[in-house]
>>> print(open('my_file-v6.txt').read())   # compact mmCIF, C-alpha atoms
# COMPACT_ATOMS: atom_id res chain seq x y z
CA MET W 1 -45.15 -2.65 9.59
CA ASN W 2 -43.00 -4.42 12.13
CA ALA W 3 -40.94 -1.99 14.20
CA VAL W 4 -37.87 -4.24 14.22
CA LYS W 5 -35.05 -2.67 12.25
CA LEU W 6 -33.72 -4.47 9.18
CA ASN W 7 -30.19 -4.50 10.61
CA GLU W 8 -31.39 -6.42 13.63
CA ILE W 9 -33.04 -9.05 11.44
CA GLU W 10 -29.98 -9.41 9.25
CA ALA W 11 -27.31 -9.62 11.96
CA ALA W 12 -25.48 -12.93 11.59
CA SER W 13 -25.69 -15.10 14.69
CA PRO W 14 -22.38 -16.26 16.20
CA SER W 15 -23.06 -19.82 15.05
CA VAL W 16 -23.38 -18.63 11.43
CA VAL W 17 -20.04 -16.81 11.72
CA TYR W 18 -18.41 -19.89 13.26
CA THR W 19 -19.69 -21.94 10.34
CA ALA W 20 -18.13 -19.45 7.91
CA GLY W 21 -14.91 -19.72 9.92
CA ARG W 22 -14.98 -23.50 9.61
CA ASP W 23 -15.59 -23.25 5.87
CA PHE W 24 -12.58 -20.96 5.69
CA ALA W 25 -10.46 -23.43 7.71
CA ALA W 26 -11.57 -26.29 5.45
CA ALA W 27 -10.67 -24.30 2.32
CA LEU W 28 -7.27 -23.40 3.77
CA ALA W 29 -6.63 -27.03 4.71
CA GLU W 30 -7.31 -28.04 1.10
CA THR W 31 -4.67 -25.72 -0.38
CA ALA W 32 -1.43 -27.12 -1.79
CA GLN W 33 0.52 -24.93 0.65
CA PHE W 34 -1.21 -26.35 3.73
CA LYS W 35 -0.87 -29.94 2.54
CA ALA W 36 2.82 -29.41 1.80
CA PHE W 37 3.28 -27.91 5.26
CA GLU W 38 1.60 -30.87 6.95
CA GLN W 39 3.73 -33.27 4.92
CA ALA W 40 6.94 -31.39 5.76
CA HIS W 41 5.97 -31.27 9.44
CA GLU W 42 5.40 -35.01 9.47
CA ALA W 43 8.71 -35.67 7.67
CA LEU W 44 10.56 -33.46 10.16
CA SER W 45 9.03 -35.18 13.15
CA GLN W 46 10.09 -38.55 11.64
CA ASP W 47 13.68 -37.39 11.05
CA VAL W 48 15.38 -38.88 14.12
CA THR W 49 18.78 -37.37 13.28
CA ALA W 50 17.28 -33.87 13.02
CA GLN W 51 15.47 -34.28 16.35
CA GLN W 52 18.62 -35.56 18.05
CA THR W 53 20.72 -32.73 16.61
CA LEU W 54 18.17 -30.20 17.82
CA ALA W 55 18.14 -31.75 21.30
CA VAL W 56 21.94 -31.68 21.50
CA TYR W 57 21.96 -28.06 20.30
CA ARG W 58 19.37 -27.03 22.90
CA ASN W 59 21.23 -28.82 25.70
CA LYS W 60 24.42 -27.10 24.67
CA VAL W 61 22.71 -23.68 24.63
CA ASP W 62 21.26 -24.39 28.10
CA SER W 63 24.61 -25.45 29.50
CA LEU W 64 26.29 -22.34 28.10
CA SER W 65 23.44 -19.89 28.74
CA VAL W 66 25.19 -17.93 31.49
CA LEU W 67 28.46 -17.71 29.56
CA LEU W 68 26.61 -16.69 26.39
CA LYS W 69 24.72 -13.94 28.23
CA LEU W 70 28.00 -12.63 29.60
CA ASN W 71 29.60 -12.99 26.20
CA ALA W 72 32.20 -15.16 27.90
CA ALA W 73 31.91 -18.44 25.98
CA SER W 74 35.17 -19.62 24.45
CA GLU W 75 35.86 -19.61 20.72
CA ALA W 76 35.71 -23.42 20.68
CA GLU W 77 32.37 -23.47 22.49
CA ARG W 78 30.90 -20.94 20.07
CA ALA W 79 32.23 -22.89 17.10
CA GLU W 80 30.71 -26.12 18.43
CA LEU W 81 27.37 -24.39 18.92
CA GLU W 82 27.44 -22.95 15.43
CA GLN W 83 28.35 -26.35 13.98
CA LEU W 84 25.39 -27.97 15.72
CA ARG W 85 23.11 -25.20 14.45
CA GLN W 86 24.37 -25.69 10.91
CA ASP W 87 24.04 -29.48 11.19
CA TYR W 88 20.37 -28.97 12.03
CA LEU W 89 19.60 -26.23 9.53
CA THR W 90 21.20 -28.06 6.61
CA ARG W 91 19.12 -31.22 7.13
CA ALA W 92 16.91 -31.72 4.08
CA SER W 93 13.82 -32.21 6.28
CA VAL W 94 14.47 -28.94 8.15
CA GLN W 95 14.97 -27.01 4.93
CA ALA W 96 11.82 -28.52 3.42
CA TYR W 97 9.86 -27.63 6.55
CA ALA W 98 11.14 -24.03 6.56
CA ALA W 99 10.27 -23.63 2.87
CA ALA W 100 6.78 -25.10 3.33
CA GLN W 101 6.18 -22.91 6.37
CA ALA W 102 7.24 -19.81 4.43
CA GLU W 103 4.80 -20.66 1.63
CA LEU W 104 1.96 -21.25 4.06
CA THR W 105 2.78 -18.10 6.02
CA SER W 106 2.64 -16.07 2.84
CA LEU W 107 -0.78 -17.52 1.98
CA CYS W 108 -2.13 -16.93 5.51
CA GLN W 109 -0.85 -13.34 5.48
CA GLU W 110 -2.64 -12.73 2.21
CA ALA W 111 -5.92 -14.13 3.54
CA ALA W 112 -5.64 -12.31 6.88
CA GLY W 113 -4.67 -9.12 5.06
CA LYS W 114 -7.84 -9.32 3.00
CA ILE W 115 -9.94 -9.91 6.12
CA SER W 116 -8.20 -7.08 8.02
CA ALA W 117 -8.73 -4.58 5.21
CA ALA W 118 -12.43 -5.43 5.03
CA ILE W 119 -13.28 -5.49 8.74
CA GLY W 120 -11.15 -2.53 9.85
CA LEU W 121 -9.17 -4.53 12.41
CA ASN W 122 -5.73 -6.09 12.11
CA TYR W 123 -6.49 -9.82 12.29
CA ALA W 124 -3.18 -11.04 13.76
CA ALA W 125 -2.84 -8.15 16.23
CA SER W 126 -6.45 -8.47 17.37
CA CYS W 127 -5.95 -12.16 18.04
CA GLY W 128 -3.12 -11.42 20.43
CA THR W 129 -0.20 -12.07 18.14
CA SER W 130 1.26 -8.59 17.88
CA CYS W 131 3.80 -8.16 15.12
CA CYS W 132 6.10 -6.67 17.75
CA GLY W 133 6.11 -9.88 19.78
CA MET N 1 -6.22 0.06 -1.01
CA PRO N 2 -4.12 -3.11 -1.26
CA LYS N 3 -5.21 -5.85 -3.66
CA PHE N 4 -5.51 -9.43 -2.47
CA ASP N 5 -5.70 -11.46 -5.65
CA ASN N 6 -3.20 -14.25 -5.02
CA LEU N 7 -5.53 -16.52 -3.10
CA PRO N 8 -6.63 -19.82 -4.66
CA PRO N 9 -10.27 -19.46 -5.85
CA GLU N 10 -11.83 -21.73 -3.21
CA LEU N 11 -9.94 -20.05 -0.38
CA ASP N 12 -10.76 -16.63 -1.81
CA LYS N 13 -14.45 -17.52 -1.83
CA ALA N 14 -14.31 -18.84 1.73
CA THR N 15 -12.42 -15.71 2.84
CA ASP N 16 -15.16 -13.53 1.31
CA GLY N 17 -17.78 -15.63 3.10
CA LEU N 18 -16.04 -15.18 6.43
CA ILE N 19 -15.71 -11.42 5.84
CA GLN N 20 -19.40 -11.04 4.98
CA ASN N 21 -20.48 -12.96 8.04
CA LEU N 22 -18.10 -11.15 10.36
CA LEU N 23 -19.37 -7.81 9.06
CA ALA N 24 -22.96 -8.96 9.59
CA SER N 25 -22.35 -10.05 13.18
CA GLU N 26 -23.53 -7.89 16.06
CA PRO N 27 -20.07 -7.04 17.44
CA PHE N 28 -18.85 -5.89 14.03
CA GLN N 29 -22.03 -4.01 13.15
CA ALA N 30 -21.67 -2.08 16.42
CA TYR N 31 -17.98 -1.48 15.73
CA GLN N 32 -18.61 -0.25 12.16
CA LYS N 33 -21.31 2.11 13.43
CA ALA N 34 -18.99 3.51 16.12
CA ARG N 35 -16.19 3.76 13.57
CA VAL N 36 -18.30 5.85 11.20
CA GLN N 37 -19.33 8.08 14.09
CA TYR N 38 -15.72 8.48 15.19
CA LYS N 39 -14.56 9.36 11.67
CA SER N 40 -17.05 12.20 11.46
CA ASP N 41 -16.59 13.51 15.02
CA GLN N 42 -14.09 16.36 14.80
CA GLN N 43 -14.20 17.04 18.52
CA ALA N 44 -13.13 13.46 19.26
CA HIS N 45 -10.27 13.74 16.75
CA ALA N 46 -9.17 17.03 18.30
CA LEU N 47 -9.14 15.43 21.75
CA ILE N 48 -7.00 12.52 20.57
CA GLY N 49 -4.68 14.96 18.81
CA ARG N 50 -4.35 17.03 21.97
CA LEU N 51 -3.66 13.96 24.09
CA SER N 52 -1.02 12.74 21.67
CA THR N 53 0.70 16.15 21.53
CA LEU N 54 0.73 16.42 25.32
CA GLN N 55 2.12 12.90 25.76
CA THR N 56 4.90 13.62 23.25
CA GLU N 57 5.69 16.90 24.99
CA LEU N 58 5.83 15.27 28.43
CA ARG N 59 8.09 12.48 27.15
CA ARG N 60 10.40 15.17 25.75
CA GLN N 61 10.39 16.99 29.08
CA GLN N 62 11.09 13.73 30.96
CA THR N 63 14.11 13.10 28.73
CA ASN N 64 15.39 16.57 29.57
CA GLY N 65 14.78 15.98 33.29
CA ARG N 66 12.30 18.83 33.79
CA VAL N 67 8.58 18.22 33.68
CA ALA N 68 6.18 21.16 33.86
CA GLU N 69 3.51 20.79 36.55
CA ALA N 70 0.97 22.58 34.35
CA ASP N 71 1.48 20.05 31.53
CA ILE N 72 0.95 17.11 33.89
CA LYS N 73 -2.25 18.73 35.12
CA GLU N 74 -3.44 19.35 31.57
CA LEU N 75 -2.65 15.75 30.62
CA GLY N 76 -4.85 14.55 33.47
CA THR N 77 -7.68 16.83 32.32
CA VAL N 78 -7.41 15.69 28.69
CA GLN N 79 -7.22 12.03 29.71
CA ALA N 80 -10.42 12.48 31.75
CA GLU N 81 -12.09 14.17 28.77
CA VAL N 82 -11.04 11.31 26.47
CA GLN N 83 -12.33 8.71 28.92
CA SER N 84 -15.72 10.43 29.19
CA ASN N 85 -16.16 11.25 25.49
CA SER N 86 -19.08 9.13 24.31
CA THR N 87 -17.79 8.75 20.73
CA LEU N 88 -14.35 7.60 21.87
CA LEU N 89 -15.80 5.39 24.57
CA SER N 90 -18.15 3.73 22.11
CA TYR N 91 -15.37 3.34 19.52
CA SER N 92 -13.01 1.78 22.05
CA THR N 93 -15.61 -0.51 23.64
CA THR N 94 -17.03 -1.81 20.36
CA GLN N 95 -13.54 -2.29 18.90
CA GLN N 96 -12.59 -4.41 21.91
CA ALA N 97 -15.78 -6.45 21.62
CA ALA N 98 -15.18 -7.03 17.91
CA ALA N 99 -11.58 -8.07 18.59
CA ASN N 100 -12.75 -10.48 21.31
CA PHE N 101 -15.24 -12.04 18.92
CA LEU N 102 -12.60 -12.30 16.20
CA ARG N 103 -10.29 -14.03 18.68
CA GLU N 104 -12.98 -16.62 19.40
CA VAL N 105 -13.55 -17.24 15.70
CA ASN N 106 -9.79 -17.57 15.20
CA GLN N 107 -9.57 -20.12 18.02
CA ASP N 108 -12.21 -22.20 16.29
CA ILE N 109 -10.43 -21.94 12.93
CA SER N 110 -7.07 -22.79 14.53
CA GLN N 111 -8.49 -25.78 16.35
CA LEU N 112 -9.65 -27.24 13.06
CA LEU N 113 -6.33 -26.54 11.35
CA GLY N 114 -4.17 -27.78 14.24
CA VAL N 115 -2.10 -24.62 13.98
CA ASP N 116 -2.75 -21.02 15.08
CA PHE N 117 -3.91 -19.20 11.96
CA ALA N 118 -3.29 -15.74 13.46
CA SER N 119 0.32 -16.63 14.32
CA LEU N 120 0.92 -17.77 10.76
CA ALA N 121 -0.66 -14.56 9.50
CA LYS N 122 1.60 -12.38 11.62
CA GLN N 123 3.79 -10.05 9.57
CA SER N 124 7.37 -10.63 10.67
CA ASN N 125 8.69 -7.38 9.24
CA CYS N 126 6.06 -4.90 10.37
CA CYS N 127 8.05 -3.25 13.18
>>> encode(input="my_file-v6.txt", output="structure tokens")
Amino acid sequence: MNAVKLNEIEAASPSVVYTAGRDFAAALAETAQFKAFEQAHEALSQDVTAQQTLAVYRNKVDSLSVLLKLNAASEAERAELEQLRQDYLTRASVQAYAAAQAELTSLCQEAAGKISAAIGLNYAASCGTSCCG
Amino acid sequence: MPKFDNLPPELDKATDGLIQNLLASEPFQAYQKARVQYKSDQQAHALIGRLSTLQTELRRQQTNGRVAEADIKELGTVQAEVQSNSTLLSYSTTQQAAANFLREVNQDISQLLGVDFASLAKQSNCC
């Protein structure tokens, strides 16, 4: 009888685990949620008005950053900032992207939750994305 | 035990495949072994409990502005005991190795997807 323990024979090599990971990625990429997310991402990146609005909003936030930190921005400045934010958030492409991302996030949380429960490690936290930021 | 039955069949199957292979990998086999040992080691649990109680007590004392020298000394002793406890050491080391391996697998998955899977899987309301 060979002295090698059964566990040692059966241990999956890293390459086998990577292959299983790639199969998992391929299956996730084939889901309706992932495809919708990719489509929404593409549509958002093609929405020039949304990108311009976002750029203007970010520039405005940068220019007011000190005043905002000191809570010293004027009412008009705050209103302008809020308007820009709303202009961006109410774009159809932005709303579609947010909805698609929420659907995909929910699916990924379900899959990661199943993995975490089985392996005894929190998947997201172990991969350096702590839920506490 | 939570149920995870909302996954599309193909993804569910692939998730099971990934789980089986992760569990069969060397880092996870070592981690599971250390985990079982830790669960049954009452001395290790008592040490962790003592450390936790002492840390809580010292935080309370710090808030009140008076820290007992004896408690600081005991904390140092318990910390040294924890760091030299073979069960805890093995549990901690193997857990870290398993997490490192998982991170590598996640990087591979994320590269294929073009988006970080772990970030998407992060629970936004867990804190």
>>> closest_residue(input="my_file-v6.txt", among="N:Ser25, N:Tyr38, N:Asn64, N:Pro9", to="chain W", atoms="all atoms listed in the file")
N:Ser25
>>> atom_distance(input="my_file-v6.txt", atom1="CA of Ile48 in chain N", atom2="CA of Thr63 in chain N")
22.6 Å
>>> interface_residues(input="my_file-v6.txt", of="chain N", to="chain W", cutoff="8 Å", atoms="all atoms listed in the file", output="PyMOL selection string")
chain N and resi 3-4+6-8+10-12+14-19+21-26+28-29+99-100+102-103+105-106+108-110+112-113+117-127
>>> closest_residue(input="my_file-v6.txt", among="W:Thr49, W:Ala43, W:Phe37, W:Val56", to="Gln83 in chain W", atoms="only C-alpha atoms")
W:Val56
>>> residues_around(input="my_file-v6.txt", residues="Leu47 in chain N", least_positions_apart="3", cutoff="8 Å", atoms="all atoms listed in the file", output="mmCIF file with C-alpha atoms, in the coordinates of the input")
data_model
loop_
_atom_site.group_PDB
_atom_site.id
_atom_site.type_symbol
_atom_site.label_atom_id
_atom_site.label_comp_id
_atom_site.auth_asym_id
_atom_site.auth_seq_id
_atom_site.Cartn_x
_atom_site.Cartn_y
_atom_site.Cartn_z
ATOM 1 C CA GLN N 43 -14.200 17.040 18.520
ATOM 2 C CA ALA N 44 -13.130 13.460 19.260
ATOM 3 C CA ARG N 50 -4.350 17.030 21.970
ATOM 4 C CA LEU N 51 -3.660 13.960 24.090
ATOM 5 C CA VAL N 78 -7.410 15.690 28.690
ATOM 6 C CA GLU N 81 -12.090 14.170 28.770
ATOM 7 C CA VAL N 82 -11.040 11.310 26.470
#
>>> residues_around(input="my_file-v6.txt", residues="Arg91 in chain W", least_positions_apart="6", cutoff="12 Å", atoms="all atoms listed in the file", output="PyMOL selection string")
chain W and resi 43-44+47-54+84-85+97-98
>>> write_last_selection(input="my_file-v6.txt", atoms="C-alpha atoms", output="compact mmCIF listing (two decimals), in the frame of the given file")
# COMPACT_ATOMS: atom_id res chain seq x y z
CA ALA W 43 8.71 -35.67 7.67
CA LEU W 44 10.56 -33.46 10.16
CA ASP W 47 13.68 -37.39 11.05
CA VAL W 48 15.38 -38.88 14.12
CA THR W 49 18.78 -37.37 13.28
CA ALA W 50 17.28 -33.87 13.02
CA GLN W 51 15.47 -34.28 16.35
CA GLN W 52 18.62 -35.56 18.05
CA THR W 53 20.72 -32.73 16.61
CA LEU W 54 18.17 -30.20 17.82
CA LEU W 84 25.39 -27.97 15.72
CA ARG W 85 23.11 -25.20 14.45
CA TYR W 97 9.86 -27.63 6.55
CA ALA W 98 11.14 -24.03 6.56
>>> atom_distance(input="my_file-v6.txt", atom1="CA of Ser90 in chain N", atom2="CA of Ala34 in chain N")
6.1 Å
>>> closest_residue(input="my_file-v6.txt", among="N:Ser86, N:Thr94, N:Gln107, N:Gln79", to="Gly49 in chain N", atoms="all atoms listed in the file")
N:Gln79
>>> axis_aligned_box(input="my_file-v6.txt", around="range 72-80 of chain N", padding_each_side="5 Å", output="AutoDock Vina command-line options")
--center_x -4.7 --center_y 15.7 --center_z 31.9 --size_x 21.4 --size_y 17.3 --size_z 16.4
>>> atom_distance(input="my_file-v6.txt", atom1="CA of Asn71 in chain W", atom2="CA of Ala55 in chain W")
22.5 Å
>>> build_atoms(input="my_file-v6.txt", residues="range 32-52 of chain W", atoms="N, CA and C atoms", output="CSV table (one decimal), keeping the file's coordinate frame")
chain,number,residue,atom,x,y,z
W,32,ALA,N,-2.7,-26.4,-1.6
W,32,ALA,CA,-1.4,-27.1,-1.8
W,32,ALA,C,-0.4,-26.7,-0.7
W,33,GLN,N,-0.4,-25.4,-0.3
W,33,GLN,CA,0.5,-24.9,0.6
W,33,GLN,C,0.3,-25.6,2.0
W,34,PHE,N,-0.9,-25.8,2.4
W,34,PHE,CA,-1.2,-26.4,3.7
W,34,PHE,C,-0.8,-27.8,3.7
W,35,LYS,N,-1.2,-28.5,2.6
W,35,LYS,CA,-0.9,-29.9,2.5
W,35,LYS,C,0.6,-30.2,2.5
W,36,ALA,N,1.4,-29.3,1.8
W,36,ALA,CA,2.8,-29.4,1.8
W,36,ALA,C,3.4,-29.2,3.2
W,37,PHE,N,2.8,-28.2,3.9
W,37,PHE,CA,3.3,-27.9,5.3
W,37,PHE,C,3.1,-29.1,6.2
W,38,GLU,N,1.9,-29.7,6.1
W,38,GLU,CA,1.6,-30.9,7.0
W,38,GLU,C,2.6,-32.0,6.6
W,39,GLN,N,2.8,-32.2,5.4
W,39,GLN,CA,3.7,-33.3,4.9
W,39,GLN,C,5.2,-33.0,5.4
W,40,ALA,N,5.6,-31.8,5.3
W,40,ALA,CA,6.9,-31.4,5.8
W,40,ALA,C,7.0,-31.5,7.3
W,41,HIS,N,6.0,-31.2,8.0
W,41,HIS,CA,6.0,-31.3,9.4
W,41,HIS,C,6.1,-32.7,9.9
W,42,GLU,N,5.4,-33.6,9.2
W,42,GLU,CA,5.4,-35.0,9.5
W,42,GLU,C,6.8,-35.6,9.2
W,43,ALA,N,7.4,-35.2,8.0
W,43,ALA,CA,8.7,-35.7,7.7
W,43,ALA,C,9.7,-35.2,8.7
W,44,LEU,N,9.6,-34.0,9.2
W,44,LEU,CA,10.6,-33.5,10.2
W,44,LEU,C,10.4,-34.2,11.5
W,45,SER,N,9.2,-34.5,11.9
W,45,SER,CA,9.0,-35.2,13.2
W,45,SER,C,9.5,-36.6,13.1
W,46,GLN,N,9.6,-37.2,11.8
W,46,GLN,CA,10.1,-38.6,11.6
W,46,GLN,C,11.6,-38.6,11.5
W,47,ASP,N,12.2,-37.4,11.3
W,47,ASP,CA,13.7,-37.4,11.0
W,47,ASP,C,14.4,-37.4,12.4
W,48,VAL,N,14.8,-38.7,12.8
W,48,VAL,CA,15.4,-38.9,14.1
W,48,VAL,C,16.7,-38.1,14.3
W,49,THR,N,17.5,-38.1,13.2
W,49,THR,CA,18.8,-37.4,13.3
W,49,THR,C,18.6,-35.9,13.5
W,50,ALA,N,17.6,-35.3,12.8
W,50,ALA,CA,17.3,-33.9,13.0
W,50,ALA,C,16.8,-33.6,14.5
W,51,GLN,N,16.0,-34.5,15.0
W,51,GLN,CA,15.5,-34.3,16.4
W,51,GLN,C,16.6,-34.4,17.4
W,52,GLN,N,17.5,-35.4,17.1
W,52,GLN,CA,18.6,-35.6,18.0
W,52,GLN,C,19.6,-34.4,18.0
